[in-house]
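Chemist: You'll find data.pdb just under this line, and it carries PDB, C-alpha atoms and all ligand atoms.
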```pdb
ATOM      1  CA  MET A 602     110.894 116.593  83.968
ATOM      2  CA  LYS A 603     108.398 113.906  82.972
ATOM      3  CA  ARG A 604     105.567 113.054  85.356
ATOM      4  CA  ILE A 605     106.120 109.640  86.848
ATOM      5  CA  THR A 606     104.680 107.205  89.397
ATOM      6  CA  ILE A 607     106.747 106.689  92.529
ATOM      7  CA  ALA A 608     106.121 103.508  94.546
ATOM      8  CA  ILE A 609     107.539 103.335  98.067
ATOM      9  CA  ASP A 610     107.208 100.008  99.847
ATOM     10  CA  GLY A 611     108.750  98.612 102.982
ATOM     11  CA  HIS A 612     108.355  97.547 106.589
ATOM     12  CA  SER A 613     106.090  99.343 109.037
ATOM     13  CA  SER A 614     107.325 102.403 110.907
ATOM     14  CA  CYS A 615     110.454 102.896 108.855
ATOM     15  CA  GLY A 616     109.796 106.496 107.900
ATOM     16  CA  LYS A 617     108.414 105.823 104.418
ATOM     17  CA  SER A 618     105.567 108.257 104.828
ATOM     18  CA  THR A 619     107.670 111.112 106.174
ATOM     19  CA  MET A 620     110.040 111.028 103.228
ATOM     20  CA  ALA A 621     107.247 110.458 100.721
ATOM     21  CA  LYS A 622     105.141 113.344 102.061
ATOM     22  CA  ASP A 623     108.095 115.714 102.026
ATOM     23  CA  LEU A 624     109.037 114.808  98.461
ATOM     24  CA  ALA A 625     105.426 115.170  97.292
ATOM     25  CA  ARG A 626     105.222 118.649  98.759
ATOM     26  CA  GLU A 627     108.541 119.648  97.237
ATOM     27  CA  ILE A 628     107.837 118.461  93.700
ATOM     28  CA  GLY A 629     104.062 119.118  93.664
ATOM     29  CA  TYR A 630     102.984 115.470  93.452
ATOM     30  CA  VAL A 631      99.944 113.863  95.096
ATOM     31  CA  TYR A 632     100.880 111.744  98.102
ATOM     32  CA  ILE A 633      98.814 108.667  98.974
ATOM     33  CA  ASP A 634      99.414 106.819 102.247
ATOM     34  CA  THR A 635      97.867 103.426 101.510
ATOM     35  CA  GLY A 636      98.562 102.199 105.062
ATOM     36  CA  ALA A 637      96.222 104.973 106.236
ATOM     37  CA  MET A 638      93.506 103.474 104.011
ATOM     38  CA  TYR A 639      93.843 100.016 105.642
ATOM     39  CA  ARG A 640      93.927 101.743 109.029
ATOM     40  CA  ALA A 641      90.722 103.646 108.222
ATOM     41  CA  VAL A 642      88.968 100.386 107.288
ATOM     42  CA  THR A 643      90.192  98.916 110.592
ATOM     43  CA  LEU A 644      88.923 101.911 112.578
ATOM     44  CA  PHE A 645      85.549 101.596 110.873
ATOM     45  CA  ALA A 646      85.424  97.870 111.678
ATOM     46  CA  LEU A 647      86.427  98.411 115.320
ATOM     47  CA  ARG A 648      83.770 101.067 115.793
ATOM     48  CA  ALA A 649      81.144  98.847 114.175
ATOM     49  CA  GLY A 650      82.108  95.991 116.503
ATOM     50  CA  LEU A 651      83.241  93.858 113.558
ATOM     51  CA  VAL A 652      86.807  93.402 114.817
ATOM     52  CA  SER A 653      87.860  92.391 118.301
ATOM     53  CA  GLU A 654      90.322  90.127 120.081
ATOM     54  CA  ALA A 655      87.949  87.280 119.219
ATOM     55  CA  GLY A 656      88.435  87.787 115.475
ATOM     56  CA  ILE A 657      86.869  89.484 112.470
ATOM     57  CA  ASP A 658      83.234  89.284 111.420
ATOM     58  CA  GLU A 659      84.207  88.916 107.754
ATOM     59  CA  ALA A 660      80.701  88.485 106.328
ATOM     60  CA  ASN A 661      79.443  91.722 107.852
ATOM     61  CA  LEU A 662      82.607  93.667 107.092
ATOM     62  CA  ARG A 663      82.356  92.594 103.460
ATOM     63  CA  ARG A 664      78.725  93.738 103.426
ATOM     64  CA  ARG A 665      79.643  97.133 104.925
ATOM     65  CA  MET A 666      82.602  97.861 102.591
ATOM     66  CA  GLY A 667      80.412 100.136 100.449
ATOM     67  CA  ASP A 668      79.770 102.351 103.508
ATOM     68  CA  ILE A 669      83.484 103.070 103.953
ATOM     69  CA  ALA A 670      84.358 106.289 102.132
ATOM     70  CA  ILE A 671      88.052 107.114 102.507
ATOM     71  CA  SER A 672      89.559 110.328 101.188
ATOM     72  CA  PHE A 673      92.563 112.560 101.732
ATOM     73  CA  ARG A 674      92.212 116.306 102.221
ATOM     74  CA  LEU A 675      95.008 118.800 102.440
ATOM     75  CA  ASN A 676      95.588 120.231 105.895
ATOM     76  CA  THR A 677      96.544 123.826 105.192
ATOM     77  CA  GLU A 678      98.346 124.140 108.534
ATOM     78  CA  THR A 679     100.688 121.186 108.064
ATOM     79  CA  GLY A 680     100.731 121.269 104.251
ATOM     80  CA  ARG A 681     100.109 117.505 104.346
ATOM     81  CA  PRO A 682      97.038 115.421 103.544
ATOM     82  CA  ASP A 683      94.820 114.182 106.397
ATOM     83  CA  THR A 684      92.829 110.946 106.186
ATOM     84  CA  TYR A 685      89.019 111.197 106.285
ATOM     85  CA  LEU A 686      86.413 108.554 106.944
ATOM     86  CA  GLY A 687      83.279 110.063 105.445
ATOM     87  CA  ASP A 688      83.405 113.682 106.647
ATOM     88  CA  GLU A 689      85.390 112.957 109.789
ATOM     89  CA  CYS A 690      89.123 113.605 110.013
ATOM     90  CA  VAL A 691      90.538 110.408 111.541
ATOM     91  CA  GLU A 692      94.235 111.151 111.117
ATOM     92  CA  ARG A 693      94.881 110.803 114.855
ATOM     93  CA  GLU A 694      92.519 107.883 115.568
ATOM     94  CA  ILE A 695      93.982 105.650 112.855
ATOM     95  CA  ARG A 696      97.465 105.881 114.463
ATOM     96  CA  SER A 697      96.313 104.513 117.842
ATOM     97  CA  LEU A 698      97.825 101.306 119.196
ATOM     98  CA  GLU A 699      94.395  99.643 119.060
ATOM     99  CA  VAL A 700      94.166 100.191 115.300
ATOM    100  CA  SER A 701      97.833  99.170 114.880
ATOM    101  CA  GLN A 702      97.143  95.907 116.689
ATOM    102  CA  HIS A 703      94.340  94.866 114.330
ATOM    103  CA  VAL A 704      95.240  96.433 110.986
ATOM    104  CA  SER A 705      97.466  93.635 109.638
ATOM    105  CA  ARG A 706      94.654  91.096 109.944
ATOM    106  CA  VAL A 707      92.157  93.400 108.269
ATOM    107  CA  ALA A 708      94.678  94.195 105.506
ATOM    108  CA  ALA A 709      95.130  90.464 104.864
ATOM    109  CA  LEU A 710      91.491  90.035 103.751
ATOM    110  CA  ALA A 711      91.111  89.623  99.980
ATOM    111  CA  PHE A 712      87.924  91.720  99.657
ATOM    112  CA  VAL A 713      89.497  94.576 101.638
ATOM    113  CA  ARG A 714      92.618  94.541  99.446
ATOM    114  CA  GLU A 715      90.623  94.415  96.223
ATOM    115  CA  ALA A 716      88.564  97.456  97.231
ATOM    116  CA  MET A 717      91.642  99.440  98.317
ATOM    117  CA  VAL A 718      93.751  98.532  95.274
ATOM    118  CA  ASP A 719      90.934  99.641  92.939
ATOM    119  CA  GLN A 720      90.772 103.014  94.698
ATOM    120  CA  GLN A 721      94.557 103.375  94.684
ATOM    121  CA  ARG A 722      94.778 102.736  90.933
ATOM    122  CA  LEU A 723      92.130 105.397  90.333
ATOM    123  CA  MET A 724      93.955 107.881  92.550
ATOM    124  CA  GLY A 725      97.225 107.317  90.683
ATOM    125  CA  LYS A 726      95.838 107.116  87.160
ATOM    126  CA  ALA A 727      97.055 110.564  86.122
ATOM    127  CA  LYS A 728     100.661 109.908  87.328
ATOM    128  CA  GLY A 729     102.442 112.609  89.327
ATOM    129  CA  VAL A 730     101.806 110.471  92.391
ATOM    130  CA  ILE A 731     103.849 109.106  95.276
ATOM    131  CA  MET A 732     102.214 106.128  96.908
ATOM    132  CA  ASP A 733     103.554 104.333  99.930
ATOM    133  CA  GLY A 734     102.581 100.912 101.245
ATOM    134  CA  ARG A 735     103.556  97.250 100.989
ATOM    135  CA  ASP A 736     102.446  96.173  97.530
ATOM    136  CA  ILE A 737     102.626  99.354  95.458
ATOM    137  CA  GLY A 738     105.608  98.367  93.287
ATOM    138  CA  THR A 739     104.549  94.716  93.073
ATOM    139  CA  VAL A 740     100.733  94.820  92.697
ATOM    140  CA  VAL A 741      99.186  98.299  92.525
ATOM    141  CA  PHE A 742     101.633  99.901  90.071
ATOM    142  CA  PRO A 743     104.030  97.222  88.783
ATOM    143  CA  ASP A 744     104.979  99.647  85.976
ATOM    144  CA  ALA A 745     105.963 102.507  88.309
ATOM    145  CA  GLU A 746     109.029 104.296  86.928
ATOM    146  CA  LEU A 747     110.646 104.629  90.380
ATOM    147  CA  LYS A 748     110.331 101.923  93.031
ATOM    148  CA  VAL A 749     111.952 102.180  96.428
ATOM    149  CA  PHE A 750     112.010  99.473  99.097
ATOM    150  CA  VAL A 751     112.676 100.953 102.540
ATOM    151  CA  THR A 752     113.831  99.046 105.568
ATOM    152  CA  ALA A 753     115.410  99.548 109.016
ATOM    153  CA  SER A 754     115.971  97.287 112.034
ATOM    154  CA  ALA A 755     112.866  96.436 114.122
ATOM    155  CA  ALA A 756     114.408  97.981 117.272
ATOM    156  CA  ILE A 757     115.032 101.292 115.529
ATOM    157  CA  ARG A 758     111.534 101.334 114.043
ATOM    158  CA  ALA A 759     109.968 100.610 117.448
ATOM    159  CA  GLN A 760     111.964 103.438 119.007
ATOM    160  CA  ARG A 761     110.755 105.832 116.306
ATOM    161  CA  ARG A 762     107.118 104.857 116.815
ATOM    162  CA  TYR A 763     107.583 105.181 120.611
ATOM    163  CA  ASP A 764     109.037 108.695 120.235
ATOM    164  CA  GLU A 765     106.215 109.652 117.867
ATOM    165  CA  LEU A 766     103.476 108.523 120.292
ATOM    166  CA  ARG A 767     105.211 110.170 123.268
ATOM    167  CA  ALA A 768     105.526 113.422 121.338
ATOM    168  CA  LYS A 769     101.747 113.324 120.908
ATOM    169  CA  GLY A 770     101.429 112.890 124.684
ATOM    170  CA  GLU A 771     100.250 109.258 124.500
ATOM    171  CA  GLU A 772     101.163 106.720 127.170
ATOM    172  CA  CYS A 773     103.035 103.803 125.641
ATOM    173  CA  ASP A 774     105.381 100.955 126.382
ATOM    174  CA  TYR A 775     108.488 100.325 124.249
ATOM    175  CA  ASP A 776     108.390  96.509 124.546
ATOM    176  CA  GLU A 777     104.740  96.406 123.544
ATOM    177  CA  ILE A 778     105.496  98.554 120.490
ATOM    178  CA  LEU A 779     108.496  96.400 119.525
ATOM    179  CA  HIS A 780     106.331  93.303 119.790
ATOM    180  CA  ASN A 781     103.691  95.002 117.609
ATOM    181  CA  VAL A 782     106.294  95.988 114.967
ATOM    182  CA  GLU A 783     107.686  92.416 114.805
ATOM    183  CA  GLU A 784     104.233  90.886 114.725
ATOM    184  CA  ARG A 785     103.148  93.157 111.860
ATOM    185  CA  ASP A 786     106.326  92.339 109.915
ATOM    186  CA  ARG A 787     105.532  88.676 110.317
ATOM    187  CA  ILE A 788     101.887  88.982 109.233
ATOM    188  CA  ASP A 789     102.621  91.428 106.382
ATOM    189  CA  SER A 790     105.418  89.232 104.970
ATOM    190  CA  THR A 791     103.742  85.845 105.304
ATOM    191  CA  ARG A 792     100.144  86.607 104.294
ATOM    192  CA  GLU A 793      98.828  84.782 101.268
ATOM    193  CA  ILE A 794      97.652  87.770  99.234
ATOM    194  CA  SER A 795     100.131  90.463  98.169
ATOM    195  CA  PRO A 796     102.715  89.800 100.899
ATOM    196  CA  LEU A 797     105.315  92.458 101.574
ATOM    197  CA  ARG A 798     108.224  91.765  99.268
ATOM    198  CA  GLN A 799     110.731  93.748  97.322
ATOM    199  CA  ALA A 800     109.972  94.199  93.617
ATOM    200  CA  PRO A 801     112.954  92.909  91.571
ATOM    201  CA  ASP A 802     113.432  96.375  90.062
ATOM    202  CA  ALA A 803     113.172  98.312  93.351
ATOM    203  CA  ILE A 804     116.085 100.224  94.851
ATOM    204  CA  VAL A 805     116.696  99.304  98.507
ATOM    205  CA  LEU A 806     117.116 101.999 101.132
ATOM    206  CA  ASP A 807     118.150 100.886 104.639
ATOM    207  CA  ASN A 808     117.611 104.029 106.652
ATOM    208  CA  SER A 809     118.582 102.646 110.093
ATOM    209  CA  HIS A 810     121.331 105.212 110.379
ATOM    210  CA  LEU A 811     120.094 108.027 108.167
ATOM    211  CA  SER A 812     118.548 111.287 109.347
ATOM    212  CA  ILE A 813     115.224 112.433 107.913
ATOM    213  CA  GLU A 814     117.083 115.123 105.979
ATOM    214  CA  GLU A 815     119.530 112.592 104.477
ATOM    215  CA  GLN A 816     116.683 110.325 103.366
ATOM    216  CA  LYS A 817     114.880 113.232 101.838
ATOM    217  CA  GLN A 818     117.925 114.223  99.798
ATOM    218  CA  TRP A 819     118.474 110.645  98.694
ATOM    219  CA  LEU A 820     114.887 110.327  97.468
ATOM    220  CA  LEU A 821     115.014 113.676  95.687
ATOM    221  CA  GLU A 822     118.147 112.534  93.818
ATOM    222  CA  GLN A 823     116.447 109.279  92.770
ATOM    223  CA  TYR A 824     113.437 111.236  91.533
ATOM    224  CA  ARG A 825     115.588 113.666  89.526
ATOM    225  CA  ARG A 826     117.560 110.825  88.018
ATOM    226  CA  VAL A 827     114.460 108.936  86.861
ATOM    227  CA  ALA A 828     112.151 111.832  85.950
ATOM    228  CA  GLY A 829     114.958 113.652  84.155
ATOM    229  CA  GLU A 830     115.666 110.706  81.841
ATOM    230  CA  GLU A 831     114.413 110.943  78.286
TER     231      GLU A 831
HETATM  232  O1  LIG B 901     102.221 101.666 106.841
HETATM  233  P1  LIG B 901     101.290 101.390 107.995
HETATM  234  O2  LIG B 901     101.989 100.859 109.212
HETATM  235  O3  LIG B 901     100.414 102.551 108.312
HETATM  236  O4  LIG B 901     100.340 100.216 107.461
HETATM  237  C1  LIG B 901      99.310  99.695 108.253
HETATM  238  C2  LIG B 901      99.059  98.230 107.906
HETATM  239  O5  LIG B 901      98.451  98.137 106.632
HETATM  240  C3  LIG B 901     100.279  97.325 107.899
HETATM  241  O6  LIG B 901     100.144  96.313 108.874
HETATM  242  C4  LIG B 901     100.304  96.698 106.545
HETATM  243  C5  LIG B 901      99.058  97.108 105.862
HETATM  244  N1  LIG B 901      99.293  97.625 104.494
HETATM  245  C6  LIG B 901      99.132  96.748 103.462
HETATM  246  O7  LIG B 901      98.865  95.566 103.685
HETATM  247  N2  LIG B 901      99.277  97.179 102.184
HETATM  248  C7  LIG B 901      99.581  98.459 101.922
HETATM  249  N3  LIG B 901      99.701  98.870 100.662
HETATM  250  C8  LIG B 901      99.764  99.375 102.985
HETATM  251  C9  LIG B 901      99.631  98.905 104.281
END
```
What's the structure tokens form of this structure?
Modeler:
Amino acid sequence: MKRITIAIDGHSSCGKSTMAKDLAREIGYVYIDTGAMYRAVTLFALRAGLVSEAGIDEANLRRRMGDIAISFRLNTETGRPDTYLGDECVEREIRSLEVSQHVSRVAALAFVREAMVDQQRLMGKAKGVIMDGRDIGTVVFPDAELKVFVTASAAIRAQRRYDELRAKGEECDYDEILHNVEERDRIDSTREISPLRQAPDAIVLDNSHLSIEEQKQWLLEQYRRVAGEE
């Protein structure tokens, strides 16, 4: 099998990362969750008081970008990579509703995107990588050999996120989550820079009615088909 680049884009909370992580583990590829990178920048900005309901202090966030060191380290218990901000594991903190409510606006800033895209290209330079996000097949790796665009209805995605937060023991409200999912879709798809859109050569996967296992099999077949080609 040749080593390829796999780009997985799509709407928020549609199970992209679960299927991408599982495939990476199975075929020994590096998995990069680019949404986690934008979330880590948002967490940093919230903690530094640079993001609030009132807006974003863009000048100071731009100035502090060099202080934001994001990395992924393998968690030997889960077999999956955890997100680190400096030396702190922030895997749990970056999934909070507070970060979710601000991340789309932070991810819409040109200087934030430029810094993240540069890092993502470096991380994927050697191929053998599965990257998930919004602009991987269109901007980060337009030459990726396999591009998948994942989608599911907003109601189903909100239910999944609700179940996920409840399973972690967090208090949450379904309507608030649904509103957040729809709002992020709107911001992600209408922003000026690198909006969420399907690359012309991407394969669409609507997983509204697929189980995690079915998605996993589907992705594995796509990988074998593309990586097995001469
Ligand atoms: O996939 P996610 O929900 O963790 O992504 C968090 C936010 O980051 C989402 O609102 C869109 C943004 N994002 C982006 O703009 N570009 C990416 N490549 C990945 C995520």
Chemist: List the residues selected by the PyMOL selection byres (((chain A and resi 816-824) around 12) and not hetatm) in the file shown, writing them as a PDB file with C-alpha atoms, keeping the file's coordinate frame.
Modeler:
```pdb
ATOM      1  CA  MET A 602     110.894 116.593  83.968  1.00  0.00           C
ATOM      2  CA  LYS A 603     108.398 113.906  82.972  1.00  0.00           C
ATOM      3  CA  ARG A 604     105.567 113.054  85.356  1.00  0.00           C
ATOM      4  CA  ILE A 605     106.120 109.640  86.848  1.00  0.00           C
ATOM      5  CA  THR A 606     104.680 107.205  89.397  1.00  0.00           C
ATOM      6  CA  ILE A 607     106.747 106.689  92.529  1.00  0.00           C
ATOM      7  CA  ALA A 608     106.121 103.508  94.546  1.00  0.00           C
ATOM      8  CA  ILE A 609     107.539 103.335  98.067  1.00  0.00           C
ATOM      9  CA  CYS A 615     110.454 102.896 108.855  1.00  0.00           C
ATOM     10  CA  GLY A 616     109.796 106.496 107.900  1.00  0.00           C
ATOM     11  CA  LYS A 617     108.414 105.823 104.418  1.00  0.00           C
ATOM     12  CA  SER A 618     105.567 108.257 104.828  1.00  0.00           C
ATOM     13  CA  THR A 619     107.670 111.112 106.174  1.00  0.00           C
ATOM     14  CA  MET A 620     110.040 111.028 103.228  1.00  0.00           C
ATOM     15  CA  ALA A 621     107.247 110.458 100.721  1.00  0.00           C
ATOM     16  CA  LYS A 622     105.141 113.344 102.061  1.00  0.00           C
ATOM     17  CA  ASP A 623     108.095 115.714 102.026  1.00  0.00           C
ATOM     18  CA  LEU A 624     109.037 114.808  98.461  1.00  0.00           C
ATOM     19  CA  ALA A 625     105.426 115.170  97.292  1.00  0.00           C
ATOM     20  CA  ARG A 626     105.222 118.649  98.759  1.00  0.00           C
ATOM     21  CA  GLU A 627     108.541 119.648  97.237  1.00  0.00           C
ATOM     22  CA  ILE A 628     107.837 118.461  93.700  1.00  0.00           C
ATOM     23  CA  TYR A 630     102.984 115.470  93.452  1.00  0.00           C
ATOM     24  CA  GLY A 729     102.442 112.609  89.327  1.00  0.00           C
ATOM     25  CA  VAL A 730     101.806 110.471  92.391  1.00  0.00           C
ATOM     26  CA  ILE A 731     103.849 109.106  95.276  1.00  0.00           C
ATOM     27  CA  ALA A 745     105.963 102.507  88.309  1.00  0.00           C
ATOM     28  CA  GLU A 746     109.029 104.296  86.928  1.00  0.00           C
ATOM     29  CA  LEU A 747     110.646 104.629  90.380  1.00  0.00           C
ATOM     30  CA  LYS A 748     110.331 101.923  93.031  1.00  0.00           C
ATOM     31  CA  VAL A 749     111.952 102.180  96.428  1.00  0.00           C
ATOM     32  CA  PHE A 750     112.010  99.473  99.097  1.00  0.00           C
ATOM     33  CA  VAL A 751     112.676 100.953 102.540  1.00  0.00           C
ATOM     34  CA  THR A 752     113.831  99.046 105.568  1.00  0.00           C
ATOM     35  CA  ALA A 803     113.172  98.312  93.351  1.00  0.00           C
ATOM     36  CA  ILE A 804     116.085 100.224  94.851  1.00  0.00           C
ATOM     37  CA  VAL A 805     116.696  99.304  98.507  1.00  0.00           C
ATOM     38  CA  LEU A 806     117.116 101.999 101.132  1.00  0.00           C
ATOM     39  CA  ASP A 807     118.150 100.886 104.639  1.00  0.00           C
ATOM     40  CA  ASN A 808     117.611 104.029 106.652  1.00  0.00           C
ATOM     41  CA  SER A 809     118.582 102.646 110.093  1.00  0.00           C
ATOM     42  CA  HIS A 810     121.331 105.212 110.379  1.00  0.00           C
ATOM     43  CA  LEU A 811     120.094 108.027 108.167  1.00  0.00           C
ATOM     44  CA  SER A 812     118.548 111.287 109.347  1.00  0.00           C
ATOM     45  CA  ILE A 813     115.224 112.433 107.913  1.00  0.00           C
ATOM     46  CA  GLU A 814     117.083 115.123 105.979  1.00  0.00           C
ATOM     47  CA  GLU A 815     119.530 112.592 104.477  1.00  0.00           C
ATOM     48  CA  ARG A 825     115.588 113.666  89.526  1.00  0.00           C
ATOM     49  CA  ARG A 826     117.560 110.825  88.018  1.00  0.00           C
ATOM     50  CA  VAL A 827     114.460 108.936  86.861  1.00  0.00           C
ATOM     51  CA  ALA A 828     112.151 111.832  85.950  1.00  0.00           C
ATOM     52  CA  GLY A 829     114.958 113.652  84.155  1.00  0.00           C
ATOM     53  CA  GLU A 830     115.666 110.706  81.841  1.00  0.00           C
TER      54      GLU A 830
END
```
Chemist: Mind listing the residues within 7 Å of ligand LIG 901 (chain B), only C-alpha atoms and all ligand atoms counted, as a PyMOL selection string?
Modeler: chain A and resi 613-614+635-637+639-640+701+704-705+708-709+733-737+785+789
Chemist: Store the residues picked out above in a file with C-alpha atoms, as a compact mmCIF listing (two decimals), in the frame of the given file.
Modeler:
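Once written, again_21.txt looks like this:
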```txt
# COMPACT_ATOMS: atom_id res chain seq x y z
CA SER A 613 106.09 99.34 109.04
CA SER A 614 107.32 102.40 110.91
CA THR A 635 97.87 103.43 101.51
CA GLY A 636 98.56 102.20 105.06
CA ALA A 637 96.22 104.97 106.24
CA TYR A 639 93.84 100.02 105.64
CA ARG A 640 93.93 101.74 109.03
CA SER A 701 97.83 99.17 114.88
CA VAL A 704 95.24 96.43 110.99
CA SER A 705 97.47 93.64 109.64
CA ALA A 708 94.68 94.20 105.51
CA ALA A 709 95.13 90.46 104.86
CA ASP A 733 103.55 104.33 99.93
CA GLY A 734 102.58 100.91 101.24
CA ARG A 735 103.56 97.25 100.99
CA ASP A 736 102.45 96.17 97.53
CA ILE A 737 102.63 99.35 95.46
CA ARG A 785 103.15 93.16 111.86
CA ASP A 789 102.62 91.43 106.38
```
Chemist: Would you compute the distance between CA of Val718 (chain A) and CA of Met666 (chain A)? Give it in Å to one decimal.
Modeler: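 Separation of CA of Val718 (chain A) and CA of Met666 (chain A): 13.4 Å.
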Chemist: Hey, which of A:Ile633, A:Met732, A:Ile778, A:Ile788 ends up closest to Thr684 (chain A)? Count only C-alpha atoms.
Modeler: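 Under the stated criterion, the closest residue is A:Ile633.
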Chemist: For the PyMOL selection byres (((chain A and resi 796) around 10) and not hetatm), applied here, can you spell out every residue it catches as JSON, numbers by chain?
Modeler: {"A": [709, 735, 736, 739, 740, 787, 788, 789, 790, 791, 792, 793, 794, 795, 797, 798, 799]}
Chemist: Output, as JSON, the centre and edge lengths in Å (one decimal) of the axis-aligned box that contains all listed atoms of region 675-682 of chain A with 3 Å of margin on each side.
Modeler:
```
{"center_x": 97.9, "center_y": 119.8, "center_z": 105.5, "size_x": 11.7, "size_y": 14.7, "size_z": 12.1}
```
Chemist: Of the candidates A:Gly667, A:Ala768, A:Ala756, A:Asp802, which shows the shortest atom-to-atom distance to Val782 (chain A), using only C-alpha atoms?
Modeler: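 Closest to Val782 (chain A) of all the choices is A:Ala756.
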Chemist: Using the chain letters and numbers from the file, which residues does the PyMOL selection byres (((chain A and resi 657) around 10) and not hetatm) grab, as a VMD selection string?
Modeler: chain A and resid 646 to 647 650 to 656 658 to 662 703 706 to 707 710
Chemist: For region 724-741 of chain A, which lacks atoms in the input, supply N, CA and C atoms and format the output as a compact mmCIF listing (two decimals), in the frame of the given file.
Modeler:
```
# COMPACT_ATOMS: atom_id res chain seq x y z
N MET A 724 93.29 106.69 92.01
CA MET A 724 93.96 107.88 92.55
C MET A 724 95.28 108.18 91.82
N GLY A 725 95.91 107.13 91.30
CA GLY A 725 97.22 107.32 90.68
C GLY A 725 97.20 107.31 89.16
N LYS A 726 96.00 107.27 88.61
CA LYS A 726 95.84 107.12 87.16
C LYS A 726 96.56 108.20 86.36
N ALA A 727 96.51 109.43 86.88
CA ALA A 727 97.06 110.56 86.12
C ALA A 727 98.57 110.75 86.31
N LYS A 728 99.23 109.81 86.98
CA LYS A 728 100.66 109.91 87.33
C LYS A 728 100.90 111.13 88.22
N GLY A 729 102.17 111.50 88.41
CA GLY A 729 102.44 112.61 89.33
C GLY A 729 102.02 112.23 90.74
N VAL A 730 102.26 110.96 91.09
CA VAL A 730 101.81 110.47 92.39
C VAL A 730 102.92 109.73 93.12
N ILE A 731 102.93 109.88 94.43
CA ILE A 731 103.85 109.11 95.28
C ILE A 731 102.97 108.29 96.20
N MET A 732 103.08 106.98 96.10
CA MET A 732 102.21 106.13 96.91
C MET A 732 103.08 105.27 97.80
N ASP A 733 102.75 105.22 99.10
CA ASP A 733 103.55 104.33 99.93
C ASP A 733 102.70 103.24 100.55
N GLY A 734 103.33 102.06 100.72
CA GLY A 734 102.58 100.91 101.24
C GLY A 734 103.44 99.67 101.32
N ARG A 735 102.84 98.54 100.94
CA ARG A 735 103.56 97.25 100.99
C ARG A 735 103.61 96.58 99.62
N ASP A 736 102.61 96.89 98.80
CA ASP A 736 102.45 96.17 97.53
C ASP A 736 102.33 97.14 96.35
N ILE A 737 102.83 98.35 96.52
CA ILE A 737 102.63 99.35 95.46
C ILE A 737 103.46 99.00 94.23
N GLY A 738 104.74 98.70 94.43
CA GLY A 738 105.61 98.37 93.29
C GLY A 738 105.36 96.97 92.74
N THR A 739 104.75 96.09 93.53
CA THR A 739 104.55 94.72 93.07
C THR A 739 103.16 94.49 92.50
N VAL A 740 102.12 95.11 93.10
CA VAL A 740 100.73 94.82 92.70
C VAL A 740 99.99 96.05 92.15
N VAL A 741 100.02 97.14 92.90
CA VAL A 741 99.19 98.30 92.52
C VAL A 741 99.72 98.95 91.25
```
